[in-house]
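run.txt, holding compact mmCIF, C-alpha atoms:
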```
# COMPACT_ATOMS: atom_id res chain seq x y z
CA MET A 7 0.00 0.00 0.00
CA LYS A 8 1.25 3.46 -0.87
CA ARG A 9 1.69 5.91 1.99
CA TYR A 10 0.22 8.85 0.09
CA ASP A 11 -2.99 6.91 -0.55
CA CYS A 12 -3.27 6.39 3.22
CA VAL A 13 -2.41 10.04 3.89
CA LYS A 14 -5.25 11.13 1.59
CA VAL A 15 -7.65 8.78 3.38
CA LEU A 16 -6.64 10.08 6.83
CA ALA A 17 -6.86 13.67 5.56
CA SER A 18 -10.40 13.02 4.34
CA GLU A 19 -11.42 11.48 7.69
CA VAL A 20 -10.18 14.26 10.02
CA SER A 21 -12.41 17.22 10.84
CA GLU A 22 -11.53 20.79 10.04
CA ASP A 23 -10.68 21.39 13.72
CA THR A 24 -8.63 18.21 14.26
CA LEU A 25 -5.11 19.11 15.37
CA ALA A 26 -2.33 17.24 13.58
CA VAL A 27 1.26 16.90 14.78
CA VAL A 28 3.41 15.67 11.92
CA THR A 29 6.88 14.13 12.02
CA ILE A 30 9.81 15.30 9.92
CA GLY A 31 10.64 13.77 6.50
CA GLY A 32 8.82 13.29 3.20
CA LEU A 33 5.60 12.53 5.08
CA ARG A 34 5.17 16.19 6.03
CA HIS A 35 5.05 17.24 2.34
CA GLU A 36 2.41 14.61 1.63
CA TRP A 37 0.36 15.63 4.69
CA HIS A 38 0.50 19.33 3.84
CA HIS A 39 -0.53 18.62 0.25
CA ALA A 40 -3.46 16.41 1.31
CA ARG A 41 -4.56 18.58 4.24
CA PRO A 42 -3.34 22.18 4.11
CA SER A 43 -4.48 23.73 7.39
CA PRO A 44 -3.36 26.05 10.21
CA ALA A 45 -4.32 23.14 12.52
CA ASN A 46 -1.16 21.28 11.39
CA PHE A 47 2.01 21.44 13.49
CA PHE A 48 5.05 20.21 11.57
CA MET A 49 7.94 19.02 13.72
CA ASN A 50 11.52 20.15 13.13
CA ASN A 51 12.58 17.11 15.15
CA MET A 52 12.62 13.35 14.70
CA GLY A 53 10.79 11.36 17.37
CA GLY A 54 9.08 14.17 19.25
CA ALA A 55 5.74 14.24 17.40
CA SER A 56 4.11 11.73 19.76
CA SER A 57 5.32 13.74 22.78
CA VAL A 58 3.99 17.05 21.45
CA GLY A 59 0.74 15.34 20.43
CA LEU A 60 0.24 13.93 23.93
CA GLY A 61 0.87 17.34 25.51
CA LEU A 62 -1.70 18.93 23.20
CA ALA A 63 -4.24 16.18 23.82
CA LEU A 64 -3.92 16.59 27.60
CA ALA A 65 -4.06 20.39 27.42
CA LEU A 66 -7.10 20.41 25.12
CA PRO A 67 -9.14 17.31 26.03
CA HIS A 68 -12.13 18.46 23.92
CA ARG A 69 -10.05 18.61 20.69
CA LYS A 70 -9.13 15.57 18.62
CA VAL A 71 -5.36 15.28 18.16
CA VAL A 72 -3.78 13.11 15.46
CA VAL A 73 -0.07 12.30 15.54
CA VAL A 74 1.21 11.56 12.03
CA ASP A 75 4.35 9.54 12.70
CA GLY A 76 6.87 7.19 11.09
CA ASP A 77 8.44 3.90 12.21
CA GLY A 78 11.95 5.33 12.54
CA ALA A 79 10.67 8.32 14.51
CA LEU A 80 8.65 6.16 16.90
CA LEU A 81 11.59 3.79 17.40
CA LEU A 82 13.61 6.85 18.49
CA ASN A 83 11.05 7.67 21.20
CA LEU A 84 9.57 4.27 22.10
CA GLY A 85 8.97 5.12 25.75
CA MET A 86 6.08 7.26 24.53
CA LEU A 87 4.01 4.10 23.99
CA ALA A 88 4.18 3.53 27.76
CA THR A 89 3.58 7.20 28.55
CA ILE A 90 0.59 7.46 26.19
CA ALA A 91 -0.84 4.18 27.54
CA THR A 92 -0.50 5.49 31.10
CA GLN A 93 -2.19 8.83 30.37
CA ALA A 94 -4.68 7.29 27.90
CA PRO A 95 -6.18 10.54 26.59
CA PRO A 96 -9.35 9.51 24.71
CA ASN A 97 -8.86 12.29 22.13
CA LEU A 98 -5.46 11.06 20.87
CA VAL A 99 -5.00 9.06 17.67
CA HIS A 100 -1.42 7.97 16.94
CA VAL A 101 -0.94 6.92 13.31
CA VAL A 102 2.41 5.42 12.32
CA PHE A 103 3.24 4.95 8.66
CA ASP A 104 5.60 1.99 8.82
CA ASN A 105 7.64 1.75 5.61
CA GLN A 106 10.37 -0.32 7.32
CA VAL A 107 13.16 2.08 6.31
CA TYR A 108 14.75 5.35 7.32
CA ASP A 109 13.43 6.79 4.07
CA SER A 110 15.24 10.13 4.24
CA THR A 111 18.46 8.39 5.30
CA ALA A 112 19.53 6.24 2.34
CA ARG A 113 16.66 3.81 2.96
CA VAL A 114 18.47 1.91 5.67
CA PRO A 115 16.15 -0.75 7.14
CA THR A 116 14.55 0.02 10.52
CA ALA A 117 13.91 -2.64 13.15
CA THR A 118 10.42 -3.21 11.75
CA ALA A 119 12.06 -4.67 8.63
CA HIS A 120 13.29 -7.43 10.94
CA GLY A 121 9.83 -8.18 12.28
CA VAL A 122 9.42 -5.71 15.15
CA ASP A 123 5.67 -5.22 15.52
CA LEU A 124 4.86 -1.67 16.61
CA ALA A 125 1.13 -2.31 17.01
CA GLY A 126 1.95 -5.34 19.15
CA MET A 127 4.26 -3.19 21.29
CA ALA A 128 1.55 -0.52 21.64
CA ALA A 129 -0.98 -3.17 22.67
CA SER A 130 1.45 -4.65 25.18
CA ALA A 131 2.08 -1.17 26.58
CA GLY A 132 -1.61 -1.02 27.35
CA ILE A 133 -3.18 0.82 24.42
CA ALA A 134 -6.15 -1.52 23.96
CA LYS A 135 -7.15 -0.06 20.60
CA SER A 136 -3.92 -0.85 18.74
CA PHE A 137 -4.20 -2.04 15.17
CA ARG A 138 -1.88 -3.08 12.35
CA VAL A 139 -3.36 -2.50 8.91
CA THR A 140 -2.06 -3.64 5.54
CA ASP A 141 -4.83 -2.63 3.11
CA LEU A 142 -6.38 0.72 2.26
CA GLU A 143 -9.95 -0.33 3.02
CA GLY A 144 -8.94 -1.53 6.48
CA PHE A 145 -6.99 1.67 7.07
CA LYS A 146 -9.98 3.80 6.13
CA GLU A 147 -12.23 1.84 8.47
CA ARG A 148 -9.81 2.05 11.41
CA CYS A 149 -9.27 5.79 10.86
CA HIS A 150 -12.99 6.39 10.77
CA GLN A 151 -13.54 4.43 14.01
CA ALA A 152 -10.61 6.12 15.74
CA LEU A 153 -11.84 9.60 14.86
CA GLN A 154 -15.46 8.90 15.75
CA THR A 155 -14.90 7.20 19.12
CA ASN A 156 -13.41 8.45 22.36
CA ALA A 157 -10.50 6.11 23.05
CA THR A 158 -6.75 6.37 22.68
CA THR A 159 -5.98 4.65 19.40
CA PHE A 160 -2.74 3.45 17.82
CA LEU A 161 -2.73 2.62 14.11
CA CYS A 162 0.27 1.13 12.34
CA ALA A 163 -0.13 1.22 8.56
CA LYS A 164 2.32 -0.98 6.67
CA VAL A 165 3.31 1.02 3.57
CA GLU A 166 5.86 0.99 0.77
CA PRO A 167 8.91 3.27 1.02
CA GLY A 168 8.94 6.47 -1.01
CA THR A 169 7.34 9.90 -1.06
CA ALA A 170 4.69 10.89 -3.59
CA ASP A 171 5.51 13.54 -6.17
CA VAL A 172 4.04 16.45 -4.25
CA PRO A 173 5.44 19.97 -3.78
CA ASP A 174 7.56 20.61 -0.70
CA LEU A 175 5.91 22.07 2.39
CA PRO A 176 6.32 25.75 1.49
CA VAL A 177 6.53 27.20 5.00
CA ASP A 178 9.25 27.56 7.61
CA HIS A 179 8.97 25.79 11.00
CA VAL A 180 8.91 29.07 12.91
CA GLU A 181 6.11 30.28 10.65
CA VAL A 182 4.27 26.97 11.18
CA LYS A 183 4.50 27.41 14.94
CA LEU A 184 3.28 31.02 14.88
CA ARG A 185 0.42 30.11 12.56
CA PHE A 186 -0.54 27.16 14.81
CA VAL A 187 -0.41 29.36 17.93
CA ARG A 188 -2.54 32.09 16.32
CA TYR A 189 -5.03 29.46 15.13
CA LEU A 190 -5.35 27.96 18.63
CA GLU A 191 -5.51 31.40 20.27
CA LYS A 192 -8.43 32.21 18.00
CA THR A 193 -10.31 28.92 18.13
CA GLU A 194 -9.72 28.25 21.84
CA LYS A 195 -9.75 31.90 22.97
CA LEU A 196 -6.35 31.42 24.57
CA SER A 197 -3.45 33.80 25.14
CA ILE A 198 -0.54 31.46 24.41
CA HIS A 199 1.97 34.24 23.89
CA GLY A 200 0.83 36.18 26.96
CA LEU A 201 3.09 36.72 29.97
CA PRO A 202 2.41 35.65 33.57
CA PRO A 203 2.11 38.55 36.03
CA LEU A 204 5.41 39.49 37.71
CA GLU A 205 3.79 39.91 41.12
CA MET B 26 14.55 17.05 49.71
CA THR B 27 12.00 17.19 52.52
CA PRO B 28 8.22 17.52 52.06
CA ALA B 29 8.51 21.03 53.58
CA THR B 30 10.92 22.09 50.81
CA ALA B 31 8.70 20.46 48.20
CA LYS B 32 5.78 22.53 49.53
CA VAL B 33 7.73 25.78 49.11
CA ILE B 34 8.64 24.83 45.52
CA ILE B 35 5.14 23.79 44.55
CA GLU B 36 3.71 27.05 45.94
CA GLY B 37 6.34 28.88 43.86
CA LEU B 38 5.29 26.96 40.76
CA LYS B 39 1.65 27.83 41.32
CA GLN B 40 2.42 31.51 41.99
CA ALA B 41 4.27 31.56 38.67
CA GLY B 42 1.15 30.18 36.99
CA ILE B 43 2.50 26.70 36.28
CA ASN B 44 -0.37 24.25 35.80
CA PHE B 45 1.23 21.39 33.86
CA VAL B 46 4.35 19.49 34.99
CA THR B 47 6.19 16.50 33.57
CA THR B 48 8.57 14.61 35.84
CA LEU B 49 11.11 11.85 35.94
CA PRO B 50 11.78 10.68 39.50
CA GLU B 51 15.05 10.61 41.42
CA PHE B 52 15.67 10.02 45.13
CA ASN B 53 16.19 13.69 46.10
CA LEU B 54 13.41 14.93 43.81
CA GLN B 55 10.82 12.40 44.94
CA PRO B 56 9.06 14.58 47.58
CA LEU B 57 8.55 17.25 44.91
CA VAL B 58 7.34 14.71 42.34
CA GLN B 59 4.90 13.33 44.93
CA ALA B 60 3.65 16.81 45.86
CA ILE B 61 3.06 17.61 42.16
CA HIS B 62 1.26 14.32 41.73
CA ASP B 63 -0.98 15.02 44.73
CA ASP B 64 -1.85 18.59 43.70
CA ALA B 65 -5.29 18.87 42.10
CA GLU B 66 -4.48 22.15 40.29
CA ILE B 67 -1.53 20.75 38.36
CA ILE B 68 -1.71 18.22 35.52
CA HIS B 69 1.11 15.77 36.23
CA VAL B 70 2.63 13.58 33.52
CA PRO B 71 5.33 11.12 34.63
CA VAL B 72 7.57 10.11 31.71
CA CYS B 73 10.05 7.35 30.84
CA ARG B 74 12.77 9.61 29.42
CA GLU B 75 13.34 13.34 29.67
CA GLU B 76 13.04 14.17 25.94
CA GLU B 77 9.46 12.89 26.18
CA GLY B 78 8.72 15.25 29.04
CA LEU B 79 10.11 18.29 27.27
CA GLY B 80 8.17 17.46 24.09
CA ILE B 81 4.99 16.96 26.12
CA CYS B 82 5.57 20.37 27.75
CA ALA B 83 5.89 21.91 24.27
CA GLY B 84 2.54 20.42 23.26
CA ALA B 85 0.94 21.60 26.49
CA TYR B 86 2.30 25.12 25.86
CA LEU B 87 0.81 25.13 22.36
CA GLY B 88 -2.46 24.07 24.02
CA GLY B 89 -2.39 27.06 26.38
CA LYS B 90 -0.85 25.52 29.50
CA GLN B 91 2.02 26.93 31.55
CA ALA B 92 4.36 23.96 31.50
CA ALA B 93 7.45 22.94 33.41
CA MET B 94 9.57 19.83 33.80
CA VAL B 95 11.24 18.47 36.93
CA LEU B 96 14.34 16.44 36.03
CA MET B 97 17.95 15.78 36.94
CA ASN B 98 20.94 17.14 35.00
CA THR B 99 21.55 13.60 33.69
CA GLY B 100 18.22 13.85 31.87
CA PHE B 101 18.87 17.41 30.78
CA LEU B 102 22.05 16.14 29.11
CA LEU B 103 19.95 13.55 27.25
CA SER B 104 17.68 16.27 25.90
CA ALA B 105 19.96 18.57 23.89
CA ASN B 106 18.34 17.48 20.62
CA ILE B 107 14.74 18.37 21.39
CA LEU B 108 15.72 21.55 23.26
CA THR B 109 17.59 22.69 20.14
CA THR B 110 15.39 21.50 17.27
CA LEU B 111 12.01 22.06 18.88
CA HIS B 112 12.15 24.62 21.70
CA TYR B 113 15.03 26.79 20.53
CA HIS B 114 14.41 26.61 16.80
CA THR B 115 10.65 27.15 16.90
CA GLN B 116 10.59 29.48 19.93
CA ILE B 117 8.73 27.36 22.45
CA PRO B 118 9.38 28.15 26.13
CA VAL B 119 9.78 25.56 28.85
CA LEU B 120 10.76 25.97 32.49
CA MET B 121 13.14 23.29 33.75
CA LEU B 122 13.72 22.62 37.44
CA ILE B 123 16.93 20.62 37.27
CA GLY B 124 18.40 18.71 40.21
CA TYR B 125 22.13 19.35 40.11
CA SER B 126 23.94 16.04 40.59
CA GLY B 127 27.59 16.85 41.21
CA GLY B 128 26.87 20.42 42.28
CA MET B 129 28.84 22.00 45.15
CA GLY B 130 28.35 19.73 48.15
CA GLU B 131 27.79 16.52 46.17
CA PRO B 132 28.51 13.58 48.49
CA TYR B 133 28.80 10.82 45.87
CA PRO B 134 32.06 10.55 43.85
CA ALA B 135 30.23 8.91 40.94
CA HIS B 136 28.09 12.02 40.40
CA THR B 137 30.84 14.63 40.39
CA SER B 138 31.72 14.25 36.69
CA LEU B 139 28.24 15.53 35.77
CA ALA B 140 29.10 18.90 37.28
CA LYS B 141 31.90 19.38 34.76
CA VAL B 142 29.52 19.37 31.81
CA THR B 143 26.13 20.54 33.07
CA GLU B 144 26.69 24.31 33.06
CA PRO B 145 28.87 24.32 29.91
CA VAL B 146 26.08 22.48 28.07
CA LEU B 147 23.44 24.90 29.40
CA ARG B 148 25.58 27.78 28.09
CA ALA B 149 26.22 26.01 24.79
CA LEU B 150 22.47 25.62 24.30
CA ASP B 151 22.03 29.32 25.15
CA ILE B 152 19.68 28.49 28.03
CA PRO B 153 19.57 31.11 30.79
CA TYR B 154 19.82 29.50 34.23
CA GLU B 155 20.14 30.30 37.90
CA LEU B 156 21.78 28.24 40.63
CA VAL B 157 19.53 28.04 43.68
CA GLY B 158 20.78 26.47 46.91
CA ARG B 159 18.45 28.16 49.43
CA VAL B 160 14.90 26.97 49.83
CA ASP B 161 13.45 30.43 50.51
CA ALA B 162 14.93 31.71 47.24
CA MET B 163 13.03 29.18 45.13
CA PRO B 164 9.64 30.90 44.65
CA LYS B 165 11.14 34.12 43.24
CA ALA B 166 13.67 32.21 41.17
CA ILE B 167 10.85 30.16 39.66
CA ARG B 168 8.76 33.22 38.89
CA TYR B 169 11.60 35.10 37.21
CA ALA B 170 12.68 32.04 35.24
CA GLN B 171 9.13 31.50 34.02
CA VAL B 172 8.77 35.15 33.00
CA GLN B 173 12.12 34.89 31.19
CA ALA B 174 11.07 31.70 29.40
CA ARG B 175 7.80 33.18 28.21
CA SER B 176 9.10 36.61 27.24
CA SER B 177 12.03 35.14 25.29
CA ARG B 178 9.99 32.12 24.07
CA GLN B 179 12.94 29.94 24.96
CA PRO B 180 13.78 27.39 27.65
CA ALA B 181 14.97 28.64 31.06
CA ALA B 182 16.38 26.58 33.90
CA ILE B 183 16.87 26.54 37.64
CA LEU B 184 19.70 24.33 38.90
CA MET B 185 18.62 23.12 42.33
CA TYR B 186 21.39 22.09 44.73
CA GLN B 187 22.57 22.25 48.37
CA ASP B 188 19.69 23.02 50.77
CA VAL B 189 17.06 22.76 48.04
CA LEU B 190 18.03 19.17 47.23
CA PHE B 191 19.27 17.99 50.63
CA THR B 192 17.04 19.66 53.26
```

Kindly return the structure encoded in the file as structure tokens.
Amino acid sequence: MKRYDCVKVLASEVSEDTLAVVTIGGLRHEWHHARPSPANFFMNNMGGASSVGLGLALALPHRKVVVVDGDGALLLNLGMLATIATQAPPNLVHVVFDNQVYDSTARVPTATAHGVDLAGMAASAGIAKSFRVTDLEGFKERCHQALQTNATTFLCAKVEPGTADVPDLPVDHVEVKLRFVRYLEKTEKLSIHGLPPLE
Amino acid sequence: MTPATAKVIIEGLKQAGINFVTTLPEFNLQPLVQAIHDDAEIIHVPVCREEEGLGICAGAYLGGKQAAMVLMNTGFLLSANILTTLHYHTQIPVLMLIGYSGGMGEPYPAHTSLAKVTEPVLRALDIPYELVGRVDAMPKAIRYAQVQARSSRQPAAILMYQDVLFT
């Protein structure tokens, strides 16, 4: 299954106000192309998307948060499966596109190429709704369920390596952050950039 | 750290507006971690590794929380990547209360090497920090560090040692 086909499916399933935290690499270009939105936060960091997504989900329990992750990035921050399972925010959906390689790094195989089962690890960590999907129809169904129900969900989609021929994400990470902050300030009526009182 | 010291620190955190704290436990920090866990006004997220906690704080900040992390300098040293690529590069503040293993007065020989690198790494990462060894100095130090973090939109740190860690 091609990753971009899955990305388009996930993009069609999320609501306009769903917050997305997206890992670094070719995936971010695909996500931006399929779902251009100020509700996207693109990471300038490998591994941290699941951490930022959990923080957002806990801070804004009434908003759906989707983490758009990769196998190499999750393997770099595996403890997050335990931390997410422990917190279990019902508004968090963690989607991992598992292409079994470090795609931006000369396509070196990741541990999943040797049989490591990320959905199995997530289930063992305690995320009851952990699924491994290998076909587009199954992916669409699992995404739909995850976004319509209130339960922490982990989805591992087994995909081919490679990035679709889409234009590069045209914005800088600082710009992405400011845009995301302004969007949340407006939609949540928050003052994220405000200062605490000195006294 | 005693529960009385932990109480002073947690009051300082609350006066500074902190309402979201990630922690990774350590023997001297445990009374503070427990006090944070028991406080109904603070969302507490225990983590497995410090880079998780700093990333979670970044997400909480983007979601409107005033976030801090309680960690040791060992864990701070593990976190240079996320502090640089996420917090520093994209201007996301985080307050760090760092237990200073190897700081002046350290009783364990095995911890003393950490003191050689902790402050140089803080300076290398361009993170403003203050050394605090007196318990009664903690609330103001926390408030100023939090104001600094939010005005600069960068991380800021307090290195806790001496009386703050040991009494």

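Minimum distance to chain B across A:Arg113, A:Lys195, A:Arg9, A:His35 (counting all atoms listed in the file) occurs at A:Lys195.
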
Inset, instruction - Taking (3.8, 13.0, 28.0) in the file's own coordinates, collect the residues within 6 Å, counting all atoms listed in the file, and hand them back as a VMD selection string. - result: (chain A and resid 57 60 to 61 89) or (chain B and resid 70 77 to 78 81)

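We find CA of Phe103 in chain A and CA of Val13 in chain A to be spaced 9.0 Å apart.
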
Inset, instruction - Write out as a ChimeraX atom specification the residues lying within 9 Å of Gly126 in chain A, counting all atoms listed in the file and excluding same-chain residues fewer than 5 positions away. - result: /A:131,136-138

Legend entry - Counting all atoms listed in the file, chain A residues within 8 Å of chain B, as number ranges by chain: A: 49-51, 54-55, 57-66, 83, 85-86, 88-89, 93, 179-180, 183, 186-187, 190, 196-204

Inset, instruction - Give as a ChimeraX atom specification every residue, naming chains and numbers as the document does, that has an atom within 10 Å of (-14.4, 8.4, 10.7), counting all atoms listed in the file. - result: /A:15-16,18-21,146-155

Legend entry - Distance criterion (all atoms listed in the file): nearest to Ile133 in chain A out of A:Asp174, A:Ala91, A:Lys14, A:Leu25: A:Ala91

Legend entry - Contacts of Lys32 in chain B at 10 Å (only C-alpha atoms; same-chain gap of 3+ positions) as number ranges by chain: B: 27-29, 35-38, 56-57, 60-61

Could those residues be written to a file, using C-alpha atoms, as a compact mmCIF listing (two decimals), keeping the file's coordinate frame?
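As written to disk, selection.txt reads:
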```
# COMPACT_ATOMS: atom_id res chain seq x y z
CA THR B 27 12.00 17.19 52.52
CA PRO B 28 8.22 17.52 52.06
CA ALA B 29 8.51 21.03 53.58
CA ILE B 35 5.14 23.79 44.55
CA GLU B 36 3.71 27.05 45.94
CA GLY B 37 6.34 28.88 43.86
CA LEU B 38 5.29 26.96 40.76
CA PRO B 56 9.06 14.58 47.58
CA LEU B 57 8.55 17.25 44.91
CA ALA B 60 3.65 16.81 45.86
CA ILE B 61 3.06 17.61 42.16
```

Inset, instruction - Tell me, in Å to one decimal, how far CA of Ala125 in chain A is from CA of Cys162 in chain A. - result: 5.9 Å
